[in-house]
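Colleague: Just so it is clear, I am handing over input.txt, which has compact mmCIF, C-alpha atoms and all ligand atoms.
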# COMPACT_ATOMS: atom_id res chain seq x y z
CA MET A 29 38.40 -62.93 52.80
CA ASP A 30 40.60 -65.87 51.79
CA ARG A 31 44.34 -66.00 52.30
CA ALA A 32 45.31 -65.64 48.63
CA LYS A 33 43.19 -62.51 48.19
CA ALA A 34 44.53 -60.96 51.41
CA LEU A 35 48.14 -61.70 50.45
CA ALA A 36 47.61 -60.19 46.99
CA LEU A 37 46.16 -56.99 48.49
CA VAL A 38 49.04 -56.66 50.94
CA LYS A 39 51.75 -57.44 48.36
CA GLU A 40 50.76 -54.28 46.44
CA GLN A 41 51.42 -52.19 49.56
CA LEU A 42 54.81 -53.58 50.56
CA THR A 43 58.39 -54.04 49.40
CA ASP A 44 59.51 -57.63 48.66
CA LYS A 45 61.43 -57.75 51.94
CA ARG A 46 58.47 -56.54 53.99
CA TYR A 47 56.21 -58.99 52.16
CA GLU A 48 58.54 -61.88 53.13
CA HIS A 49 58.39 -60.66 56.75
CA THR A 50 54.59 -60.67 56.47
CA VAL A 51 54.53 -64.28 55.26
CA GLY A 52 56.78 -65.21 58.21
CA VAL A 53 54.44 -63.44 60.63
CA MET A 54 51.44 -65.22 59.05
CA GLU A 55 52.99 -68.68 59.42
CA THR A 56 54.15 -68.01 62.98
CA ALA A 57 50.79 -66.52 64.02
CA VAL A 58 48.91 -69.58 62.72
CA GLN A 59 51.26 -71.93 64.64
CA LEU A 60 50.78 -69.92 67.85
CA ALA A 61 46.99 -69.78 67.35
CA GLU A 62 46.86 -73.58 66.94
CA LYS A 63 49.04 -74.05 70.01
CA TYR A 64 46.89 -71.77 72.20
CA GLY A 65 43.44 -72.61 70.80
CA VAL A 66 42.81 -69.20 69.26
CA ASP A 67 40.88 -68.71 65.97
CA SER A 68 43.63 -69.36 63.42
CA ARG A 69 41.72 -67.72 60.54
CA LYS A 70 41.60 -64.44 62.48
CA ALA A 71 45.28 -64.81 63.42
CA GLU A 72 46.17 -65.46 59.78
CA LEU A 73 44.27 -62.42 58.44
CA ALA A 74 45.49 -60.09 61.20
CA ALA A 75 49.08 -61.18 60.54
CA ILE A 76 48.75 -60.76 56.77
CA PHE A 77 47.44 -57.21 57.19
CA HIS A 78 49.47 -56.13 60.26
CA ASP A 79 51.99 -53.95 58.33
CA TYR A 80 49.55 -52.82 55.62
CA ALA A 81 50.28 -49.10 56.29
CA LYS A 82 54.05 -49.48 56.77
CA PHE A 83 54.96 -47.46 53.65
CA ARG A 84 52.36 -44.70 53.82
CA SER A 85 53.78 -41.19 54.08
CA LYS A 86 54.03 -39.50 57.47
CA GLU A 87 51.76 -36.76 56.12
CA GLU A 88 48.99 -39.22 55.21
CA MET A 89 49.33 -41.05 58.54
CA ARG A 90 49.33 -37.81 60.56
CA LYS A 91 46.17 -36.65 58.79
CA ILE A 92 44.38 -39.96 59.47
CA ILE A 93 45.39 -39.87 63.16
CA ILE A 94 43.89 -36.38 63.49
CA ASP A 95 40.80 -36.87 61.29
CA GLU A 96 39.87 -40.24 62.84
CA ASN A 97 40.31 -39.04 66.42
CA MET A 98 43.08 -41.47 67.24
CA PRO A 99 45.20 -40.65 70.34
CA LYS A 100 46.91 -37.30 69.57
CA GLN A 101 49.74 -38.41 71.82
CA LEU A 102 50.93 -40.69 69.01
CA LEU A 103 52.13 -37.61 67.14
CA GLU A 104 54.60 -36.80 69.94
CA TYR A 105 56.25 -40.22 69.62
CA HIS A 106 58.21 -42.00 66.92
CA SER A 107 56.38 -42.12 63.57
CA GLU A 108 57.27 -45.84 63.49
CA LEU A 109 54.31 -46.32 65.84
CA TRP A 110 51.75 -44.77 63.51
CA HIS A 111 51.43 -47.57 60.95
CA ALA A 112 49.66 -49.81 63.49
CA PRO A 113 46.53 -47.73 64.29
CA VAL A 114 46.53 -46.19 60.79
CA GLY A 115 46.85 -49.71 59.35
CA ALA A 116 43.77 -50.88 61.28
CA TYR A 117 41.84 -47.93 59.78
CA LEU A 118 43.04 -48.51 56.21
CA VAL A 119 42.49 -52.28 56.37
CA ARG A 120 38.86 -51.51 57.23
CA THR A 121 38.31 -48.71 54.71
CA GLU A 122 40.44 -49.99 51.79
CA ALA A 123 40.48 -53.77 52.21
CA GLY A 124 36.99 -54.00 53.74
CA ILE A 125 37.97 -56.09 56.78
CA LEU A 126 35.27 -55.37 59.37
CA ASP A 127 36.13 -57.94 62.05
CA GLU A 128 36.96 -55.85 65.14
CA ASP A 129 39.17 -58.60 66.62
CA ILE A 130 41.37 -58.54 63.52
CA LEU A 131 41.44 -54.73 63.44
CA GLN A 132 42.36 -54.54 67.14
CA ALA A 133 45.24 -57.01 66.72
CA ILE A 134 46.58 -54.80 63.90
CA ARG A 135 46.06 -51.64 66.01
CA PHE A 136 47.97 -53.05 69.01
CA HIS A 137 50.74 -54.88 67.13
CA THR A 138 53.53 -52.30 67.63
CA THR A 139 53.00 -50.73 71.07
CA GLY A 140 50.98 -53.46 72.75
CA ASN A 141 48.08 -52.50 75.02
CA LYS A 142 47.21 -53.29 78.63
CA ASP A 143 43.94 -54.88 77.47
CA MET A 144 45.52 -57.15 74.84
CA ASN A 145 43.66 -60.45 74.34
CA MET A 146 45.19 -63.76 73.20
CA LEU A 147 44.83 -62.93 69.51
CA ASP A 148 46.51 -59.53 70.01
CA LYS A 149 49.39 -61.18 71.89
CA ILE A 150 49.82 -63.81 69.17
CA VAL A 151 50.12 -61.21 66.40
CA PHE A 152 52.42 -59.03 68.54
CA LEU A 153 54.69 -61.98 69.25
CA ALA A 154 54.60 -63.46 65.74
CA ASP A 155 55.78 -60.05 64.50
CA TYR A 156 58.69 -60.22 66.94
CA ILE A 157 59.80 -63.86 66.40
CA GLU A 158 59.03 -64.68 62.74
CA PRO A 159 61.94 -66.63 61.16
CA GLY A 160 63.40 -63.55 59.41
CA ARG A 161 63.93 -61.60 62.67
CA LYS A 162 67.49 -61.37 63.98
CA PHE A 163 67.19 -59.26 67.18
CA PRO A 164 69.56 -60.12 70.07
CA GLY A 165 67.68 -62.47 72.38
CA VAL A 166 65.05 -63.46 69.82
CA ASP A 167 65.88 -67.19 70.06
CA ASP A 168 64.99 -67.19 73.76
CA VAL A 169 61.67 -65.51 73.00
CA ARG A 170 61.01 -68.04 70.18
CA LYS A 171 61.35 -70.91 72.61
CA VAL A 172 59.22 -69.39 75.36
CA ALA A 173 56.52 -68.31 72.86
CA PHE A 174 55.35 -71.92 72.57
CA GLU A 175 55.49 -72.54 76.34
CA ASN A 176 54.08 -69.40 77.99
CA LEU A 177 52.50 -66.71 75.84
CA ASN A 178 52.47 -63.94 78.49
CA GLU A 179 56.06 -64.61 79.51
CA ALA A 180 57.16 -64.38 75.86
CA VAL A 181 55.30 -61.08 75.35
CA VAL A 182 57.01 -59.71 78.48
CA MET A 183 60.42 -60.80 77.11
CA ALA A 184 59.73 -59.10 73.77
CA LEU A 185 58.58 -55.92 75.51
CA ARG A 186 61.59 -55.93 77.81
CA ASN A 187 63.96 -56.27 74.84
CA THR A 188 62.18 -53.48 72.95
CA ILE A 189 62.19 -51.16 75.97
CA LYS A 190 65.91 -51.82 76.54
CA PHE A 191 66.59 -51.14 72.85
CA LEU A 192 64.72 -47.83 73.03
CA LEU A 193 66.53 -46.84 76.27
CA ASP A 194 69.91 -47.61 74.68
CA LYS A 195 68.99 -45.47 71.67
CA LYS A 196 67.89 -42.68 74.07
CA GLN A 197 64.42 -42.78 72.53
CA PRO A 198 61.12 -42.07 74.28
CA ILE A 199 58.91 -45.04 75.20
CA TYR A 200 55.23 -44.87 74.36
CA PRO A 201 53.10 -45.13 77.55
CA ASP A 202 51.05 -48.10 76.22
CA THR A 203 54.28 -50.11 75.85
CA LEU A 204 55.23 -49.50 79.48
CA GLU A 205 51.64 -50.08 80.63
CA THR A 206 51.51 -53.42 78.78
CA TYR A 207 54.79 -54.47 80.36
CA ASN A 208 53.62 -53.45 83.86
CA THR A 209 50.25 -55.21 83.45
CA LEU A 210 51.72 -58.49 82.21
CA ILE A 211 54.58 -58.63 84.69
CA ARG A 212 52.06 -58.42 87.56
CA CYS A 213 50.27 -61.55 86.38
CA GLN A 214 53.37 -63.75 86.06
O1 LIG B 1 56.61 -52.95 61.68
P1 LIG B 1 57.68 -53.89 62.15
O2 LIG B 1 59.06 -53.40 61.86
O3 LIG B 1 57.47 -55.29 61.67
O4 LIG B 1 57.61 -53.98 63.75
P2 LIG B 1 56.75 -53.10 64.77
O5 LIG B 1 55.48 -52.69 64.20
O6 LIG B 1 56.71 -53.93 66.03
O7 LIG B 1 57.66 -51.80 65.00
C1 LIG B 1 58.58 -51.83 66.05
C2 LIG B 1 59.49 -50.68 65.96
O8 LIG B 1 58.94 -49.54 66.59
C3 LIG B 1 60.75 -51.05 66.73
O9 LIG B 1 61.85 -50.96 65.85
C4 LIG B 1 60.86 -50.05 67.81
C5 LIG B 1 59.97 -48.90 67.33
N1 LIG B 1 59.41 -48.14 68.45
C6 LIG B 1 59.61 -46.82 68.60
N2 LIG B 1 59.02 -46.39 69.74
C7 LIG B 1 58.42 -47.47 70.30
C8 LIG B 1 58.64 -48.58 69.48
N3 LIG B 1 58.13 -49.80 69.77
C9 LIG B 1 57.39 -49.92 70.91
N4 LIG B 1 56.87 -51.11 71.22
N5 LIG B 1 57.14 -48.85 71.75
C10 LIG B 1 57.65 -47.61 71.50
O10 LIG B 1 57.42 -46.67 72.27
FE FE B 2 54.61 -53.21 62.25
FE FE B 3 56.38 -55.64 67.07
FE FE B 4 55.75 -56.42 61.22
Take the structure in the file and write it out as C-alpha cells.

Modeller:
Amino acid sequence: MDRAKALALVKEQLTDKRYEHTVGVMETAVQLAEKYGVDSRKAELAAIFHDYAKFRSKEEMRKIIIDENMPKQLLEYHSELWHAPVGAYLVRTEAGILDEDILQAIRFHTTGNKDMNMLDKIVFLADYIEPGRKFPGVDDVRKVAFENLNEAVVMALRNTIKFLLDKKQPIYPDTLETYNTLIRCQ
C-alpha cells in the first residue's frame, strides 16, 4: 500500500490532533529506519497505522481481545494498552495489511516486548519522540535515539515506568520485561 492511501485510511479513524501525531511518528520512524538500515517502507507503514484503533470503544476492543485469543491479562490493565494489539488485528482485517513485521510493530508499540526487533524499537521510539511530544526528558531521548537505539528505548521505558509509578498505576509485565531485557544488554 502506498503512503497516500495509508494516510487517507488512517485519517478517517483519528481526530485531527491524533492524525498530526501520526504524521510526526511517520517522519521520525523513516529517519530512524534510514539511520539504522531498517526497511523504511515497513517503518513508514507501521508508523502510519500504529494508532489506528486509538478511538475504538472499550467494548469493541474488549470483545476483539477475547474473540481473537489475545492475552486475557490485558483486560486487567489500563485500557490505554488495548489499542496496540487490537490495532494490529484491525489493520490486518480492515486495511488489509498482511505483513507480519508491520503488524508486530503495531502490536508492540505501547507496552514494548522482550523480543522486539529493530523495526519494533523504531516505531516504539518514534511514537515517544515525534516532534509534537512534550514529555519531561523527551529531548534527552531524542538525542540518544540517533546514537544508540537500545539506550533510547531504555530511557523511554524508564520515563514511562516512573510516570506510571508516580500516578500509582499498575505496570504491564511486558513493559517491565522489555526494560529488564534491554538493560542487561547495555
Ligand atoms: O497511543 P499514544 O498516546 O501515542 O502512545 P502509547 O500507545 O505509547 O500509549 C502510552 C500510554 O499508555 C502512556 O500514556 C502510558 C499508558 N500506559 C498505561 N499502562 C502502561 C502504559 N504504557 C506502558 N508502556 N506500559 C503500561 O503498563
Ligand atoms: Fe499508541
Ligand atoms: Fe509509546
Ligand atoms: Fe502514538

Colleague: Identify, counting only C-alpha atoms and all ligand atoms, the protein, DNA and RNA residues located within 10 Å of ligand LIG 1 (chain B), and give them as an NGL selection string.

Modeller: :A and (46 or 49-50 or 53 or 78-83 or 102 or 105-112 or 134-141 or 151-156 or 158 or 161 or 163 or 184-189 or 191-193 or 195 or 197-204 or 206-207)

Colleague: Would you compute the distance between CA of Val181 in chain A and CA of Gly65 in chain A? Give it in Å to one decimal.

Modeller: 17.2 Å

Colleague: Could you tell me how far CA of Asp127 in chain A lies from CA of Leu37 in chain A, in Å and to one decimal?

Modeller: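 For CA of Asp127 in chain A relative to CA of Leu37 in chain A, the distance reads 16.9 Å.
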
Colleague: Assuming 3 Å of padding per side, give the centre and edge lengths of the axis-aligned box around every listed atom of range 184-192 of chain A, in Å to one decimal and as lines of an AutoDock Vina configuration file.

Modeller:
center_x = 62.6
center_y = -53.5
center_z = 75.3
size_x = 14.0
size_y = 17.3
size_z = 11.0

Colleague: May I ask which of the residues A:Asp143, A:Pro113, A:Asn178, A:Leu118 is the closest one to ligand FE 2 (chain B), counting only C-alpha atoms and all ligand atoms?

Modeller: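 Among the listed residues, the smallest separation from ligand FE 2 (chain B) belongs to A:Pro113.
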
Colleague: In the coordinate frame of the file, compute which residues have an atom within 6 Å of (54.8, -61.1, 82.1) when using only C-alpha atoms, and state them as a list in words.

Modeller: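 Counting only C-alpha atoms, I find these residues within 6 Å of (54.8, -61.1, 82.1): Asn178, Glu179, Val182, Leu210, Ile211 and Gln214 of chain A.
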
Colleague: For range 175-177 of chain A, please output as a PyMOL selection string all residues within 10 Å (counting all atoms listed in the file; exclusion window: fewer than 4 positions along the same chain).

Modeller: chain A and resi 60+63-64+146+149-150+153+169-171+181-183+214

Colleague: What's the separation between CA of Asp148 in chain A and CA of Gly165 in chain A, in Å to one decimal place?

Modeller: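 Computed distance, CA of Asp148 in chain A to CA of Gly165 in chain A, equals 21.5 Å.
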
Colleague: Which one of A:Glu48, A:Glu40, A:Glu72, A:Glu62 sits closest to ligand FE 4 (chain B) if you count only C-alpha atoms and all ligand atoms?

Modeller: A:Glu48

Colleague: Rank nothing, just name the residue among A:Thr56, A:Lys70, A:Gly115, A:Lys45 nearest to ligand FE 2 (chain B), using all atoms listed in the file.

Modeller: A:Gly115

Colleague: With distances taken over only C-alpha atoms and all ligand atoms, which of A:Met98, A:Ala36, A:Leu131, A:Ala75 is nearest to ligand FE 3 (chain B)?

Modeller: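 Smallest distance to ligand FE 3 (chain B) is found for A:Ala75.
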
Colleague: In terms of the shortest atom-to-atom distance over only C-alpha atoms, which of A:Val38, A:Val166, A:Met144, A:Leu73 is closest to Glu55 in chain A?

Modeller: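 Using only C-alpha atoms, Glu55 in chain A sits closest to A:Leu73.
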
Colleague: May I ask which of the residues A:Asp129, A:Lys196, A:Ile157, A:Ala173 is the closest one to ligand FE 3 (chain B), counting all atoms listed in the file?

Modeller: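 For ligand FE 3 (chain B), the nearest of the candidates is A:Ile157.
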